[in-house]
Number of protein chains: 2
Amino acid sequence: MTDTMEGSAPRRTRIQQEKRELILEAALEVFSANGFRGSTIDQIAEAAGMSKPNLLYYFRRKEDIHETLMQRLLDTWLAPLRELDDIGDPMTELRSYIRRKLEMARDFPRESRLFANEILQGAPRIMPMLEGELKTLVDEKAAVIKGWMRAGKIARTDPWHLIFAIWATTQHYADFDVQVRAVLGPDRGGDGRFEDAARFLEQLFLDGLKPKG
Amino acid sequence: MTDTMEGSAPRRTRIQQEKRELILEAALEVFSANGFRGSTIDQIAEAAGMSKPNLLYYFRRKEDIHETLMQRLLDTWLAPLRELDDIGDPMTELRSYIRRKLEMARDFPRESRLFANEILQGAPRIMPMLEGELKTLVDEKAAVIKGWMRAGKIARTDPWHLIFAIWATTQHYADFDVQVRAVLGPDRGGDGRFEDAARFLEQLFLDGLKPKG
DNA sequence: GCAAATTTTGACCGATTGGACAAACGTTAG
DNA sequence: CTAACGTTTGTCCAATCGGTCAAAATTTGC
C-alpha cells in the first residue's frame, strides 16, 4: 500500500472497500450505543471480527472512523428535508416529510443516536457543517414554507421552529427509544408504536389540539 | 469517619454537606458536557477546586456521583408533569405545562443533557425508575388527559404520544442547543429564541398548522 | 510459479484512567 | 493543651486506552 487512503483519489482494493464497510458498520453500532469517548477501538474491532491492529490498518485513528461515519450520515440524514419541494400541496408535502423522518427514526435509529450524541457533546466535529451546509438548507426550506404561509396554504408561524419541532418529535422515537418503550409498557411499546406515533404526529401538526367544531 | 456515608442515616458534617454539593455541581457541569464515560474524576475534581483523592473521600466511586446526581435530577425533572392537574381549564393546563417545560430547558440545560445522555446510552442506571415511577406518573396523567378528551375539552388523540411530543419539542432546545443556535444564526439564535419557541409551540399544540377560516 | 504488494498478527509502548493508602494536616470537644 | 476525629494530599498501582512496529501470512500481477 503506497497510498495514504485519505487523499482525493482513494484508489482502494476490493478487500479495502469490503473491510472498511465492515468497520464502519461495526463502528456505527458501537459509537451510537456508547458515544465517541465511551467507545474503544477494541470494541469496534471485535464487532467487526478483526484484531485491533488490523482495524488500524484501514483507519489510522479512531477519529477517522468517526469522521467518515459522520460525513456519510449527514447526507442521508438531510435527504428528506432536501426533498421538501415547492411543487405540490403544502399540507401533503409536510405530511410526507414528517412521515419520512419518522420512518428514518424507525429504520435508522443508530444513525439518529450517533447524530444526537455528537450534538449533545457540543458538536465539536461537525460544527462547521451545521453553520454551513445545514443552515443554508434550512434557511432555503424555511423560505419555501414562508411562501406557503403568504399564499394562505398553511397557518402563519415560525418556519425554523416548525422544522425543529418535526426533527425533535420524530427523532425522539429513535434517541429516547428505551424511555418510550418503558413508558408505553410491553403491550403498547411493541412494533405498533411507530404507527401510533405517525397517527398522532399527523394530527398534531395538521390539526392541533383544539376540539373540532 | 466511622460512617460509610451511604446508609439510610447519612449523619453528615457541615463540611461534608458543603463539599458534596460542590462536587455535585461540578459533576453536573462535566457529566452533562462529556457524558459519563467521557468524564474523568480529575475533571470533576478540578471543576470543584479540589484534588482527586479529596473528591474520592466524599464519593468513593465515580458512579456514586452520577447516581446521586441522577436521583436528584428525576425529582425536579418530573415536577412540572406532577403539577398537571385535573382542576382548571385543560387548554390552560396544557399551555402552562408546555411553558414550564420550556423554561426548564432554558434554565436547566445541563440537567436536560445529563438526562438525555443517560437515555441515549440505553438508560443502564435508571431503567427501573423509568419502568416504575416514571411509567406510573405518565399513565396517571394520561388518564387525566383522556378525561379531558371524553369531556370534549380537547381533541381526541393519544395522550402518551402527546406527552412525548411535549417532552421532545421542549427538551430539544436544551439538548440540541448548539444545532438550534447554528441554524438560527447569530441574530435569531440569541436570547430571544426561547420566546420564539414558546410562541411557536403554543400555536402548534393548541391550533395546529391548519389555516384558520 | 514467483516476486512484489497487500493484509494480518502478536508483542509492545507511553499516556491516561479509576481508585487505594498512609501520612500529614486541621478542627474541635474536654 | 491534647487526644480524637475529620479532612487533605502525594504517591502509588493495576487496568485500560490509542496507537506503533516489525515480522509473518496472504493475495495479486505477471
# chains A, B, ... in the order shown; residues from 1 in each chain; ligands from 1
$ closest_atom_pairs --of "chain A" --to "chain C" --cutoff "10 Å" --atoms "only C-alpha atoms (C1' of nucleotides)" --output "CSV"
residue,atom,partner,partner_atom,distance
A:Met1,CA,C:DT6,C1',6.2
A:Thr2,CA,C:DA5,C1',9.1
A:Thr13,CA,C:DT6,C1',9.1
A:Ile15,CA,C:DT7,C1',8.8
A:Gln16,CA,C:DT7,C1',9.4
A:Met50,CA,C:DT8,C1',9.0
A:Ser51,CA,C:DT9,C1',7.8
A:Lys52,CA,C:DT9,C1',9.5
A:Pro53,CA,C:DT9,C1',7.7
A:Asn54,CA,C:DT8,C1',6.2
A:Leu55,CA,C:DT8,C1',9.8
A:Tyr57,CA,C:DT7,C1',8.6
$ write_last_selection --atoms "N, CA and C atoms" --output "short mmCIF file (atom, residue, chain, number, x, y, z; two decimals), in the first residue's frame"
data_model
loop_
_atom_site.label_atom_id
_atom_site.label_comp_id
_atom_site.auth_asym_id
_atom_site.auth_seq_id
_atom_site.Cartn_x
_atom_site.Cartn_y
_atom_site.Cartn_z
N MET A 1 0.84 -1.19 0.00
CA MET A 1 0.00 0.00 0.00
C MET A 1 0.88 1.25 0.00
N THR A 2 0.83 1.95 -1.11
CA THR A 2 1.63 3.17 -1.18
C THR A 2 0.79 4.41 -0.92
N THR A 13 -8.42 -1.13 -2.87
CA THR A 13 -8.54 -2.53 -3.24
C THR A 13 -9.94 -3.04 -2.93
N ILE A 15 -10.57 -5.69 -1.15
CA ILE A 15 -10.54 -6.00 0.27
C ILE A 15 -10.68 -4.73 1.11
N GLN A 16 -10.01 -3.69 0.70
CA GLN A 16 -10.10 -2.44 1.46
C GLN A 16 -11.53 -1.92 1.49
N MET A 50 -12.32 -8.48 13.71
CA MET A 50 -10.90 -8.43 13.36
C MET A 50 -10.10 -7.92 14.54
N SER A 51 -8.77 -7.99 14.41
CA SER A 51 -7.92 -7.54 15.51
C SER A 51 -7.74 -6.02 15.46
N LYS A 52 -7.38 -5.48 16.59
CA LYS A 52 -7.22 -4.02 16.67
C LYS A 52 -6.17 -3.49 15.69
N PRO A 53 -4.98 -4.07 15.64
CA PRO A 53 -4.02 -3.55 14.67
C PRO A 53 -4.52 -3.67 13.23
N ASN A 54 -5.28 -4.71 12.97
CA ASN A 54 -5.82 -4.86 11.62
C ASN A 54 -6.80 -3.74 11.30
N LEU A 55 -7.65 -3.42 12.26
CA LEU A 55 -8.57 -2.30 12.06
C LEU A 55 -7.80 -1.01 11.83
N TYR A 57 -5.14 -0.65 10.48
CA TYR A 57 -4.52 -0.64 9.15
C TYR A 57 -5.45 0.07 8.16
#
$ interface_residues --of "chain A" --to "chain D" --cutoff "10 Å" --atoms "only C-alpha atoms (C1' of nucleotides)" --output "NGL selection string"
:A and (15 or 40-42 or 52-53 or 56 or 60-62)
$ write_last_selection --atoms "C-alpha atoms" --output "tab-separated table (two decimals), in the first residue's frame"
chain	number	residue	atom	x	y	z
A	15	ILE	CA	-10.54	-6.00	0.27
A	40	THR	CA	-12.96	1.73	22.33
A	41	ILE	CA	-11.14	0.59	19.22
A	42	ASP	CA	-11.11	-2.89	20.68
A	52	LYS	CA	-7.22	-4.02	16.67
A	53	PRO	CA	-4.02	-3.55	14.67
A	56	LEU	CA	-5.96	0.41	12.48
A	60	ARG	CA	-5.24	5.04	11.23
A	61	ARG	CA	-7.03	6.80	14.02
A	62	LYS	CA	-10.26	6.27	15.93
$ select_by_dssp --residues "stretch 61-189 of chain A" --states "alpha helix (DSSP H)" --output "JSON, numbers by chain"
{"A": [62, 63, 64, 65, 66, 67, 68, 69, 70, 71, 72, 73, 74, 75, 76, 77, 78, 79, 80, 81, 82, 83, 90, 91, 92, 93, 94, 95, 96, 97, 98, 99, 100, 101, 102, 103, 104, 105, 106, 107, 109, 110, 111, 112, 113, 114, 115, 116, 117, 118, 119, 120, 127, 128, 129, 135, 136, 137, 138, 139, 140, 141, 142, 143, 144, 145, 146, 147, 148, 149, 150, 159, 160, 161, 162, 163, 164, 165, 166, 167, 168, 169, 170, 171, 172, 173, 174, 175, 177, 178, 179, 180, 181, 182, 183, 184, 185, 186, 187, 188]}
$ interface_residues --of "chain B" --to "chain A" --cutoff "7 Å" --atoms "only C-alpha atoms" --output "VMD selection string"
chain B and resid 33 to 34 37 to 38 113 119 to 122 130 to 131 134 to 135 152 to 155 157 to 158 161 165 168 to 169 172 175 to 176 178 to 179 182 to 183 197 200 204 to 212
$ atom_distance --atom1 "atom CA of A:Lys141" --atom2 "atom CA of A:Pro109"
24.4 Å
$ decode --residues "stretch 7-22 of chain C" --atoms "N, CA and C atoms (P, O5', C5', C4', C3', O3' and C1' of nucleotides)" --output "PDB file, in the first residue's frame"
ATOM      1  P    DT C   7      -4.980  -4.474   0.898  1.00  0.00           P
ATOM      2  O5'  DT C   7      -4.895  -5.505   2.119  1.00  0.00           O
ATOM      3  C5'  DT C   7      -5.226  -6.868   1.881  1.00  0.00           C
ATOM      4  C4'  DT C   7      -4.782  -7.719   3.053  1.00  0.00           C
ATOM      5  C3'  DT C   7      -5.410  -7.383   4.410  1.00  0.00           C
ATOM      6  O3'  DT C   7      -6.141  -8.525   4.816  1.00  0.00           O
ATOM      7  C1'  DT C   7      -3.106  -7.847   4.613  1.00  0.00           C
ATOM      8  P    DT C   8      -7.086  -8.463   6.116  1.00  0.00           P
ATOM      9  O5'  DT C   8      -6.151  -9.069   7.251  1.00  0.00           O
ATOM     10  C5'  DT C   8      -5.683 -10.406   7.123  1.00  0.00           C
ATOM     11  C4'  DT C   8      -4.733 -10.729   8.245  1.00  0.00           C
ATOM     12  C3'  DT C   8      -5.219 -10.362   9.652  1.00  0.00           C
ATOM     13  O3'  DT C   8      -5.441 -11.561  10.370  1.00  0.00           O
ATOM     14  C1'  DT C   8      -2.921  -9.793   9.330  1.00  0.00           C
ATOM     15  P    DT C   9      -6.009 -11.510  11.871  1.00  0.00           P
ATOM     16  O5'  DT C   9      -4.669 -11.594  12.729  1.00  0.00           O
ATOM     17  C5'  DT C   9      -3.674 -12.545  12.381  1.00  0.00           C
ATOM     18  C4'  DT C   9      -2.427 -12.328  13.200  1.00  0.00           C
ATOM     19  C3'  DT C   9      -2.695 -11.999  14.669  1.00  0.00           C
ATOM     20  O3'  DT C   9      -2.233 -13.076  15.465  1.00  0.00           O
ATOM     21  C1'  DT C   9      -0.999 -10.590  13.717  1.00  0.00           C
ATOM     22  P    DG C  10      -2.587 -13.138  17.021  1.00  0.00           P
ATOM     23  O5'  DG C  10      -1.164 -12.840  17.677  1.00  0.00           O
ATOM     24  C5'  DG C  10       0.012 -13.427  17.126  1.00  0.00           C
ATOM     25  C4'  DG C  10       1.234 -12.895  17.847  1.00  0.00           C
ATOM     26  C3'  DG C  10       1.057 -12.694  19.347  1.00  0.00           C
ATOM     27  O3'  DG C  10       2.284 -13.038  20.007  1.00  0.00           O
ATOM     28  C1'  DG C  10       1.496 -10.596  18.326  1.00  0.00           C
ATOM     29  P    DA C  11       2.483 -12.914  21.567  1.00  0.00           P
ATOM     30  O5'  DA C  11       3.425 -11.639  21.691  1.00  0.00           O
ATOM     31  C5'  DA C  11       4.515 -11.491  20.798  1.00  0.00           C
ATOM     32  C4'  DA C  11       5.143 -10.117  20.982  1.00  0.00           C
ATOM     33  C3'  DA C  11       5.190  -9.636  22.442  1.00  0.00           C
ATOM     34  O3'  DA C  11       6.495  -9.177  22.746  1.00  0.00           O
ATOM     35  C1'  DA C  11       4.159  -8.000  21.069  1.00  0.00           C
ATOM     36  P    DC C  12       6.895  -8.663  24.202  1.00  0.00           P
ATOM     37  O5'  DC C  12       6.733  -7.087  24.069  1.00  0.00           O
ATOM     38  C5'  DC C  12       7.351  -6.413  22.966  1.00  0.00           C
ATOM     39  C4'  DC C  12       6.811  -5.013  22.860  1.00  0.00           C
ATOM     40  C3'  DC C  12       6.796  -4.208  24.169  1.00  0.00           C
ATOM     41  O3'  DC C  12       7.832  -3.251  24.135  1.00  0.00           O
ATOM     42  C1'  DC C  12       4.870  -3.817  22.800  1.00  0.00           C
ATOM     43  P    DC C  13       8.238  -2.432  25.456  1.00  0.00           P
ATOM     44  O5'  DC C  13       7.594  -1.010  25.186  1.00  0.00           O
ATOM     45  C5'  DC C  13       7.730  -0.392  23.909  1.00  0.00           C
ATOM     46  C4'  DC C  13       6.936   0.905  23.910  1.00  0.00           C
ATOM     47  C3'  DC C  13       6.904   1.570  25.282  1.00  0.00           C
ATOM     48  O3'  DC C  13       7.388   2.893  25.179  1.00  0.00           O
ATOM     49  C1'  DC C  13       4.694   1.348  24.404  1.00  0.00           C
ATOM     50  P    DG C  14       7.947   3.621  26.506  1.00  0.00           P
ATOM     51  O5'  DG C  14       7.005   4.902  26.557  1.00  0.00           O
ATOM     52  C5'  DG C  14       6.720   5.636  25.361  1.00  0.00           C
ATOM     53  C4'  DG C  14       5.433   6.416  25.536  1.00  0.00           C
ATOM     54  C3'  DG C  14       5.330   7.184  26.858  1.00  0.00           C
ATOM     55  O3'  DG C  14       4.761   8.459  26.577  1.00  0.00           O
ATOM     56  C1'  DG C  14       3.511   5.670  26.683  1.00  0.00           C
ATOM     57  P    DA C  15       4.545   9.497  27.765  1.00  0.00           P
ATOM     58  O5'  DA C  15       2.954   9.532  27.867  1.00  0.00           O
ATOM     59  C5'  DA C  15       2.193   9.536  26.669  1.00  0.00           C
ATOM     60  C4'  DA C  15       0.717   9.523  26.987  1.00  0.00           C
ATOM     61  C3'  DA C  15       0.322  10.332  28.230  1.00  0.00           C
ATOM     62  O3'  DA C  15      -0.841  11.093  27.930  1.00  0.00           O
ATOM     63  C1'  DA C  15      -0.392   8.062  28.461  1.00  0.00           C
ATOM     64  P    DT C  16      -1.444  12.070  29.053  1.00  0.00           P
ATOM     65  O5'  DT C  16      -2.717  11.288  29.589  1.00  0.00           O
ATOM     66  C5'  DT C  16      -3.587  10.676  28.636  1.00  0.00           C
ATOM     67  C4'  DT C  16      -4.584   9.781  29.333  1.00  0.00           C
ATOM     68  C3'  DT C  16      -5.208  10.380  30.603  1.00  0.00           C
ATOM     69  O3'  DT C  16      -6.618  10.386  30.429  1.00  0.00           O
ATOM     70  C1'  DT C  16      -4.493   8.149  30.969  1.00  0.00           C
ATOM     71  P    DT C  17      -7.570  11.114  31.502  1.00  0.00           P
ATOM     72  O5'  DT C  17      -8.173   9.901  32.324  1.00  0.00           O
ATOM     73  C5'  DT C  17      -8.809   8.823  31.614  1.00  0.00           C
ATOM     74  C4'  DT C  17      -8.946   7.625  32.520  1.00  0.00           C
ATOM     75  C3'  DT C  17      -9.438   7.958  33.920  1.00  0.00           C
ATOM     76  O3'  DT C  17     -10.839   7.898  33.961  1.00  0.00           O
ATOM     77  C1'  DT C  17      -7.723   6.259  33.918  1.00  0.00           C
ATOM     78  P    DG C  18     -11.612   8.401  35.294  1.00  0.00           P
ATOM     79  O5'  DG C  18     -11.590   7.128  36.245  1.00  0.00           O
ATOM     80  C5'  DG C  18     -12.235   5.938  35.829  1.00  0.00           C
ATOM     81  C4'  DG C  18     -12.037   4.869  36.880  1.00  0.00           C
ATOM     82  C3'  DG C  18     -12.586   5.234  38.258  1.00  0.00           C
ATOM     83  O3'  DG C  18     -13.155   4.073  38.854  1.00  0.00           O
ATOM     84  C1'  DG C  18     -10.248   4.886  38.399  1.00  0.00           C
ATOM     85  P    DG C  19     -13.929   4.188  40.244  1.00  0.00           P
ATOM     86  O5'  DG C  19     -12.745   3.973  41.293  1.00  0.00           O
ATOM     87  C5'  DG C  19     -12.080   2.715  41.311  1.00  0.00           C
ATOM     88  C4'  DG C  19     -10.844   2.794  42.159  1.00  0.00           C
ATOM     89  C3'  DG C  19     -11.039   3.166  43.625  1.00  0.00           C
ATOM     90  O3'  DG C  19     -10.862   1.995  44.399  1.00  0.00           O
ATOM     91  C1'  DG C  19      -9.033   4.054  42.689  1.00  0.00           C
ATOM     92  P    DA C  20     -11.019   2.047  45.970  1.00  0.00           P
ATOM     93  O5'  DA C  20      -9.505   1.877  46.475  1.00  0.00           O
ATOM     94  C5'  DA C  20      -8.713   0.847  45.910  1.00  0.00           C
ATOM     95  C4'  DA C  20      -7.349   0.798  46.592  1.00  0.00           C
ATOM     96  C3'  DA C  20      -7.402   0.926  48.117  1.00  0.00           C
ATOM     97  O3'  DA C  20      -6.442   0.018  48.674  1.00  0.00           O
ATOM     98  C1'  DA C  20      -6.106   2.701  47.207  1.00  0.00           C
ATOM     99  P    DC C  21      -6.475  -0.284  50.214  1.00  0.00           P
ATOM    100  O5'  DC C  21      -5.350   0.670  50.807  1.00  0.00           O
ATOM    101  C5'  DC C  21      -4.165   0.869  50.064  1.00  0.00           C
ATOM    102  C4'  DC C  21      -3.267   1.875  50.764  1.00  0.00           C
ATOM    103  C3'  DC C  21      -3.632   2.125  52.232  1.00  0.00           C
ATOM    104  O3'  DC C  21      -2.479   2.028  53.018  1.00  0.00           O
ATOM    105  C1'  DC C  21      -3.434   4.173  51.056  1.00  0.00           C
ATOM    106  P    DA C  22      -2.583   1.627  54.564  1.00  0.00           P
ATOM    107  O5'  DA C  22      -1.331   2.400  55.130  1.00  0.00           O
ATOM    108  C5'  DA C  22      -0.187   2.587  54.299  1.00  0.00           C
ATOM    109  C4'  DA C  22       0.329   4.001  54.454  1.00  0.00           C
ATOM    110  C3'  DA C  22       0.376   4.498  55.907  1.00  0.00           C
ATOM    111  O3'  DA C  22       1.571   5.223  56.112  1.00  0.00           O
ATOM    112  C1'  DA C  22      -0.849   6.004  54.599  1.00  0.00           C
TER     113       DA C  22
END
